[in-house]
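Peer 1: Have a look at this one.
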Amino acid sequence: MRLHLADYLIIIVYFIFVIGVGFLIKRKIKSSNDFLTSNRSIPLWITSLAFISANLGAQEVIGMVASGAKYGIMTVHFYWVGAIFAMVFLGVFMMPFYYGSRARSVPEYLSLRFDEKTRGLNAISFAVMTVFSSGISLYALAKLMETILHWDFDISIWASAGIVMIYTFLGGLTSAVYNEVLQFFLIVLGLSPLVIIALQDAGGWENIKAHLQPELTHAWKYMGNANDNPMGLHFMSLIFGLGFVMSFGYWCTDFLVVQRAMIAKNMGDAQRTPIIAAIPKMMMPLIVVLPGVIAIALMQPALQSKGYRIPVAANGELDYTMTLPSLIAHYYPSGILGVGITALIASFMSGMAGNVTAFNSVFTFDIYQSYFVKNRSDRHYLLVGKFVTIAGVLISIVTAYIAKSFNNINDFLQLVFGFVNGPLFATFLLGMFWKRTTGHGAFWGLVGGTVGAALTHGLTIAEGKGGWIAPLYTIKSGMGQAFIVAGVSWIVNFTTTIIVSLCTKPKPDAELKGLVYSLTAKPTYHQKKWYMRVVPLGIILLVITILLNIIFF
Amino acid sequence: MADAHPVNNNTLFMYNKLNDLRFVIGLFFSVVSLILILSVLLGSSTAGKLNMYTGVGFLIFGVLMMFLRKQHSAENK
């Protein structure tokens with residue numbers, strides 16, 4: 001793939017705009033709250049698009065296209081089972097506690113609801129995970145640019161990290177959020193022509209269905225038996241593992257996405273943020289799953305005359321992660337090629353900036369201010385927030401170089417993230433809806449859930465992974481193993497939290513007002529027009545999601 | 001007073017405009033659309049049709065975003 005002047009111009013214009021946004025926002029930054037929480041002043045349309053864009057990182061875009069090519073239309077489960085229901089639940093039931101408690105972060109909510117040790121555990125694990133995720137994202141960007149454009153690995157790392165650092169340092173969270181919206185439009189509009197021309201080239205959806213194996217074009221039909229579908233999953237493990245544990249654990253408790261709703265102007269907008277975000281999320285498979293399905297269809301004998309092939313890896317197997325870059329290289333001429341490459345760069349930067357801004361909020365408020373230096377001036381915490389932004393980017397760069405030297409570290413970190421994230425939703429569910437839950441219960445539940453996840457992974461084996469204690473049970477696919485590990489960790493956390501809570505003393509009701517469902521007044525101040533209310537909006541979204549599942553059954 | 005500081009007022013006007021995200025997004029896509037359209041018109045692109053269609057699409061989107069910003073500020077006034 002070779003870029004020309006027009007392509008480079010588009011990339012340069014994009015860099016100028018994202019840095020320019022940082023300079024524009026800089027004037028508004030007067031306090032630590034402006035820098036780290038946007039002072040709860042961001043309009044609904046921006047919070048909603050930033051909410052979805054924070055999740056639209058490169059792993060999402062490139063990974064979902066790869067998954068579409070490998071598993072077919074079943075990949076839509078990550079959206080229509082693994083996202084929409086949780087986003088609606090977050091908007092309707094959980095945002096009133098996050099926003100109404102005036103907490104500045106998810107760990108701060110845990111400190112208000114439970115105690116400092118629960119907050120500390122969550123804050124430290126989240127801070128470590130986000131900054132390492134950011135580094136892995138950076139490594140993936142540099143590796144991709146090296147492979148497809150032959151750009152120098154070091155220059156890619158330092159240039160992209162430097163640009164993210166400039167605009168997050170200047171404008172903090174607001175700057176990151178504004179750029180996420182720009183990146184959202186760039187990704188969607190930049191990749192839409194690819195879907196249209198590739199679909200046309202493949203002869204349309206009906207022609208694709210005619211040439212592909214039926215299990216690649218049906219979402220549910222072959223899930224009655226794990227051996228009948230390409231993911232190797234039974235529908236029950238999909239619904240419980242992905243649809244409940246992993247999905248709710250990510251969308252309802254991960255501060256990276258919840259932070260985008262917490263900066264809305266008022267409670268109504270905070271509740272509507274994930275619900276409005278669910279609308280483009282529902283449509284996202286058109287941009288990130290369909291190209292993968294088209295790619296695998298183009299490789300079928302009847303369509304081989306089109307001349308497209310997914311690249312082959314060194315081991316001789318198809319390199320699915322190269323599906324999207326190879327489609328861009330195949331269909332995009334110079335000019336729009338620059339748009340496609342910029343969209344890829346934007347997705348990496350969006351993911352990295354999201355991680356860095358979430359990291360600096362949690363580090364400054366939940367670690368530094370809570371445990372190290374209390375009661376200093378606001379200016380002090382503003383400076384710390386800015387310093388942490390630089391530190392976060394530098395740690396990301398170091399992580400990227402470690403990932404380059406030790407390729408297995410990516411798998412290891414993803415595994416550890418899974419152990420920590422899996423049980424989280426049980427803590428929040430019990431904390432918000434059962435007032436008897438205690439701080440000790442929450443803390444030991446989280447510890448127990450994480451240990452349970454590690455043990456399950458150590459005792460099961462799938463595609464050569466796991467079984468490091470004893471390979472007692474074999475699972476067909478790695479994805480199925482991840483769902484089972486998450487499911488077990490959730491159950492262990494849930495039961496441990498209940499048992500320990502029943503044996504320890506709960507907080508008095510007076511301290512739990514606004515933090516627990518039964519002790520909180522239900523919001524009624526935005527009950528004007530039906531289409532502004534979260535419950536009717538949520539129900540409509542759920543009905544449409546169910547209909548989409550039926551259509552692609 | 002307004003006439004006494006025309007440069008400052010112009011700067012402030014431009015700053016307020018740029019401060020609206022709709023305007024920034026609109027401007028970005030308009031600039032990219034111009035690059036795409038010019039690459040076709042100046043003959044430096046090998047596949048003009050796709051660049052032209054995408055460029056026109058981006059231009060419409062960019063102008064629409066800037067128009068929405070203008071309408072919003074008029075409503076606020």
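Chain lettering (A, B, ...) mirrors the order of the structure tokens, residue numbering begins at 1 for each chain separately, and ligand numbering begins at 1 in order of display.
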Taking only C-alpha atoms into account, report as number ranges by chain which residues of chain A lie within 8 Å of chain B.
Peer 2: A: 6, 9-10, 13-14, 17, 24-25, 178, 182, 189, 193, 333-336
Peer 1: Can you write out the residues you just picked, keeping C-alpha atoms, as a PDB file, in the first residue's frame?
Peer 2:
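File written: part_29.pdb
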ATOM      1  CA  ALA A   6      -3.702  13.726  -1.142  1.00  0.00           C
ATOM      2  CA  LEU A   9      -2.680  15.883   3.290  1.00  0.00           C
ATOM      3  CA  ILE A  10      -5.786  14.293   4.815  1.00  0.00           C
ATOM      4  CA  VAL A  13      -5.337  17.945   8.322  1.00  0.00           C
ATOM      5  CA  TYR A  14      -6.681  15.437  10.860  1.00  0.00           C
ATOM      6  CA  PHE A  17      -7.680  19.520  13.845  1.00  0.00           C
ATOM      7  CA  LEU A  24      -9.473  25.724  21.792  1.00  0.00           C
ATOM      8  CA  ILE A  25     -10.517  23.880  24.952  1.00  0.00           C
ATOM      9  CA  TYR A 178     -14.642  16.441  21.590  1.00  0.00           C
ATOM     10  CA  LEU A 182     -14.808  13.912  15.519  1.00  0.00           C
ATOM     11  CA  LEU A 189     -18.100   8.153   7.275  1.00  0.00           C
ATOM     12  CA  PRO A 193     -17.915   3.852   1.227  1.00  0.00           C
ATOM     13  CA  PRO A 333      -7.733   4.554  -4.409  1.00  0.00           C
ATOM     14  CA  SER A 334      -5.407   7.387  -3.427  1.00  0.00           C
ATOM     15  CA  GLY A 335      -7.423  10.171  -1.816  1.00  0.00           C
ATOM     16  CA  ILE A 336     -10.047   8.154  -0.039  1.00  0.00           C
TER      17      ILE A 336
END
Peer 1: Please extract the residues of segment 238-481 of chain A with a backbone DSSP assignment of helix (DSSP H, G or I) and present them as a PyMOL selection string.
Peer 2: chain A and resi 238-253+255-262+267-283+285-288+290-298+301-306+320-331+336-372+378-405+408-421+424-433+439-459+478-481
Peer 1: Could you list, as JSON, numbers by chain, every residue within 9 Å of Arg379 of chain A, counting only C-alpha atoms and ignoring same-chain residues fewer than 4 positions away?
Peer 2: {"A": [30, 31, 32, 383, 384]}
Peer 1: Need the shell around Met1 of chain A: protein/DNA/RNA residues with any atom at most 8 Å away, counting only C-alpha atoms. Skip same-chain ones fewer than 2 positions apart. Format as a VMD selection string?
Peer 2: chain A and resid 3 148 to 149 329
Peer 1: Quick one: residues within 12 Å of Gly243 of chain A, only C-alpha atoms counted, chain neighbours fewer than 5 positions away excluded, as a list in words?
Peer 2: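 The contact residues come out as Val76, His77, Phe78, Tyr79, Trp80, Val81, Gly82, Ala83, Ile84, Phe85, Ala86, Met87, Phe235, Met236, Ser237, Leu238, Phe248, Gly249, Tyr250, Trp251, Phe483, Ala486 and Gly487 of chain A.
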Peer 1: Please produce a file of those selected residues containing N, CA and C atoms, as a PDB file, in the first residue's frame.
Peer 2:
ATOM      1  N   VAL A  76     -22.402 -10.328  15.433  1.00  0.00           N
ATOM      2  CA  VAL A  76     -23.360  -9.287  15.876  1.00  0.00           C
ATOM      3  C   VAL A  76     -23.802  -9.508  17.325  1.00  0.00           C
ATOM      4  N   HIS A  77     -23.567 -10.691  17.870  1.00  0.00           N
ATOM      5  CA  HIS A  77     -23.927 -10.927  19.275  1.00  0.00           C
ATOM      6  C   HIS A  77     -23.212  -9.948  20.208  1.00  0.00           C
ATOM      7  N   PHE A  78     -22.004  -9.502  19.795  1.00  0.00           N
ATOM      8  CA  PHE A  78     -21.278  -8.545  20.633  1.00  0.00           C
ATOM      9  C   PHE A  78     -22.019  -7.209  20.723  1.00  0.00           C
ATOM     10  N   TYR A  79     -22.961  -6.987  19.817  1.00  0.00           N
ATOM     11  CA  TYR A  79     -23.735  -5.739  19.811  1.00  0.00           C
ATOM     12  C   TYR A  79     -25.160  -5.989  20.293  1.00  0.00           C
ATOM     13  N   TRP A  80     -25.846  -6.920  19.642  1.00  0.00           N
ATOM     14  CA  TRP A  80     -27.276  -7.094  19.894  1.00  0.00           C
ATOM     15  C   TRP A  80     -27.565  -7.956  21.114  1.00  0.00           C
ATOM     16  N   VAL A  81     -26.557  -8.649  21.640  1.00  0.00           N
ATOM     17  CA  VAL A  81     -26.706  -9.369  22.912  1.00  0.00           C
ATOM     18  C   VAL A  81     -25.776  -8.737  23.958  1.00  0.00           C
ATOM     19  N   GLY A  82     -24.565  -8.407  23.521  1.00  0.00           N
ATOM     20  CA  GLY A  82     -23.523  -7.982  24.456  1.00  0.00           C
ATOM     21  C   GLY A  82     -23.385  -6.496  24.673  1.00  0.00           C
ATOM     22  N   ALA A  83     -24.346  -5.682  24.212  1.00  0.00           N
ATOM     23  CA  ALA A  83     -24.192  -4.239  24.446  1.00  0.00           C
ATOM     24  C   ALA A  83     -25.519  -3.534  24.741  1.00  0.00           C
ATOM     25  N   ILE A  84     -26.501  -3.677  23.850  1.00  0.00           N
ATOM     26  CA  ILE A  84     -27.711  -2.828  23.929  1.00  0.00           C
ATOM     27  C   ILE A  84     -28.456  -3.017  25.260  1.00  0.00           C
ATOM     28  N   PHE A  85     -28.650  -4.251  25.693  1.00  0.00           N
ATOM     29  CA  PHE A  85     -29.404  -4.498  26.930  1.00  0.00           C
ATOM     30  C   PHE A  85     -28.698  -3.837  28.119  1.00  0.00           C
ATOM     31  N   ALA A  86     -27.364  -4.001  28.175  1.00  0.00           N
ATOM     32  CA  ALA A  86     -26.599  -3.422  29.291  1.00  0.00           C
ATOM     33  C   ALA A  86     -26.625  -1.900  29.247  1.00  0.00           C
ATOM     34  N   MET A  87     -26.579  -1.323  28.046  1.00  0.00           N
ATOM     35  CA  MET A  87     -26.590   0.141  27.931  1.00  0.00           C
ATOM     36  C   MET A  87     -27.926   0.703  28.405  1.00  0.00           C
ATOM     37  N   PHE A 235     -25.932 -21.612  23.013  1.00  0.00           N
ATOM     38  CA  PHE A 235     -26.602 -20.317  23.200  1.00  0.00           C
ATOM     39  C   PHE A 235     -26.726 -19.905  24.671  1.00  0.00           C
ATOM     40  N   MET A 236     -26.779 -20.897  25.591  1.00  0.00           N
ATOM     41  CA  MET A 236     -26.909 -20.538  27.009  1.00  0.00           C
ATOM     42  C   MET A 236     -25.626 -19.892  27.531  1.00  0.00           C
ATOM     43  N   SER A 237     -24.465 -20.425  27.105  1.00  0.00           N
ATOM     44  CA  SER A 237     -23.216 -19.812  27.590  1.00  0.00           C
ATOM     45  C   SER A 237     -23.032 -18.445  26.972  1.00  0.00           C
ATOM     46  N   LEU A 238     -23.556 -18.252  25.754  1.00  0.00           N
ATOM     47  CA  LEU A 238     -23.489 -16.930  25.134  1.00  0.00           C
ATOM     48  C   LEU A 238     -24.352 -15.933  25.910  1.00  0.00           C
ATOM     49  N   PHE A 248     -22.711  -6.618  30.967  1.00  0.00           N
ATOM     50  CA  PHE A 248     -23.097  -5.710  32.059  1.00  0.00           C
ATOM     51  C   PHE A 248     -21.858  -5.291  32.850  1.00  0.00           C
ATOM     52  N   GLY A 249     -20.888  -6.214  32.987  1.00  0.00           N
ATOM     53  CA  GLY A 249     -19.649  -5.883  33.700  1.00  0.00           C
ATOM     54  C   GLY A 249     -18.896  -4.762  33.009  1.00  0.00           C
ATOM     55  N   TYR A 250     -18.903  -4.761  31.682  1.00  0.00           N
ATOM     56  CA  TYR A 250     -18.173  -3.717  30.962  1.00  0.00           C
ATOM     57  C   TYR A 250     -18.989  -2.417  30.881  1.00  0.00           C
ATOM     58  N   TRP A 251     -20.183  -2.492  30.303  1.00  0.00           N
ATOM     59  CA  TRP A 251     -20.946  -1.266  30.016  1.00  0.00           C
ATOM     60  C   TRP A 251     -21.453  -0.559  31.275  1.00  0.00           C
ATOM     61  N   PHE A 483     -16.050 -16.860  28.398  1.00  0.00           N
ATOM     62  CA  PHE A 483     -17.402 -16.684  28.937  1.00  0.00           C
ATOM     63  C   PHE A 483     -17.579 -17.512  30.219  1.00  0.00           C
ATOM     64  N   ALA A 486     -15.644 -15.894  33.088  1.00  0.00           N
ATOM     65  CA  ALA A 486     -16.371 -14.712  33.556  1.00  0.00           C
ATOM     66  C   ALA A 486     -17.598 -15.129  34.369  1.00  0.00           C
ATOM     67  N   GLY A 487     -18.316 -16.147  33.887  1.00  0.00           N
ATOM     68  CA  GLY A 487     -19.519 -16.623  34.579  1.00  0.00           C
ATOM     69  C   GLY A 487     -19.204 -17.145  35.973  1.00  0.00           C
TER      70      GLY A 487
END
Peer 1: Which neighbours of Phe114 of chain A fall inside 6 Å, counting only C-alpha atoms, when residues of the same chain fewer than 3 positions from it are skipped, and could you give them as a list in words?
Peer 2: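 Here the answer would be Leu110, Ser111 and Gly439 of chain A.
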Peer 1: Could you check the closest approach to Lys117 of chain A for each of A:Asp366, A:Asp201, A:Asp509, A:Asp7 and tell me which residue wins, using only C-alpha atoms?
Peer 2: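 Closest to Lys117 of chain A of all the choices is A:Asp366.
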Peer 1: Report as an NGL selection string all protein, DNA and RNA residues lying within 8 Å of segment 313-327 of chain A, evaluated on only C-alpha atoms, omitting residues in the same chain fewer than 6 positions from it.
Peer 2: :A and (62-63 or 65-67 or 69-70 or 148 or 194 or 291-292 or 295)
Peer 1: Would you output that residue set with C-alpha atoms, as a compact mmCIF listing (two decimals), in the first residue's frame?
Peer 2:
# COMPACT_ATOMS: atom_id res chain seq x y z
CA ILE A 62 -10.14 -4.13 13.42
CA GLY A 63 -11.08 -6.95 15.83
CA VAL A 65 -14.03 -7.00 11.16
CA ALA A 66 -11.64 -9.91 11.80
CA SER A 67 -14.31 -11.66 13.86
CA ALA A 69 -14.53 -12.84 8.64
CA LYS A 70 -13.80 -15.71 11.06
CA ILE A 148 0.83 -1.96 5.80
CA LEU A 194 -15.85 0.68 1.75
CA PRO A 291 -17.01 -5.97 5.88
CA GLY A 292 -15.61 -9.13 7.49
CA ALA A 295 -14.33 -10.41 2.82
Peer 1: Have a look at atom CA of Gly224 of chain A and atom CA of Glu206 of chain A and let me know their distance in Å, one decimal.
Peer 2: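 Those two atoms sit 24.7 Å apart.
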Peer 1: Please report the interatomic distance between atom CA of Asp115 of chain A and atom CA of Ser101 of chain A in Å with one decimal.
Peer 2: 14.6 Å
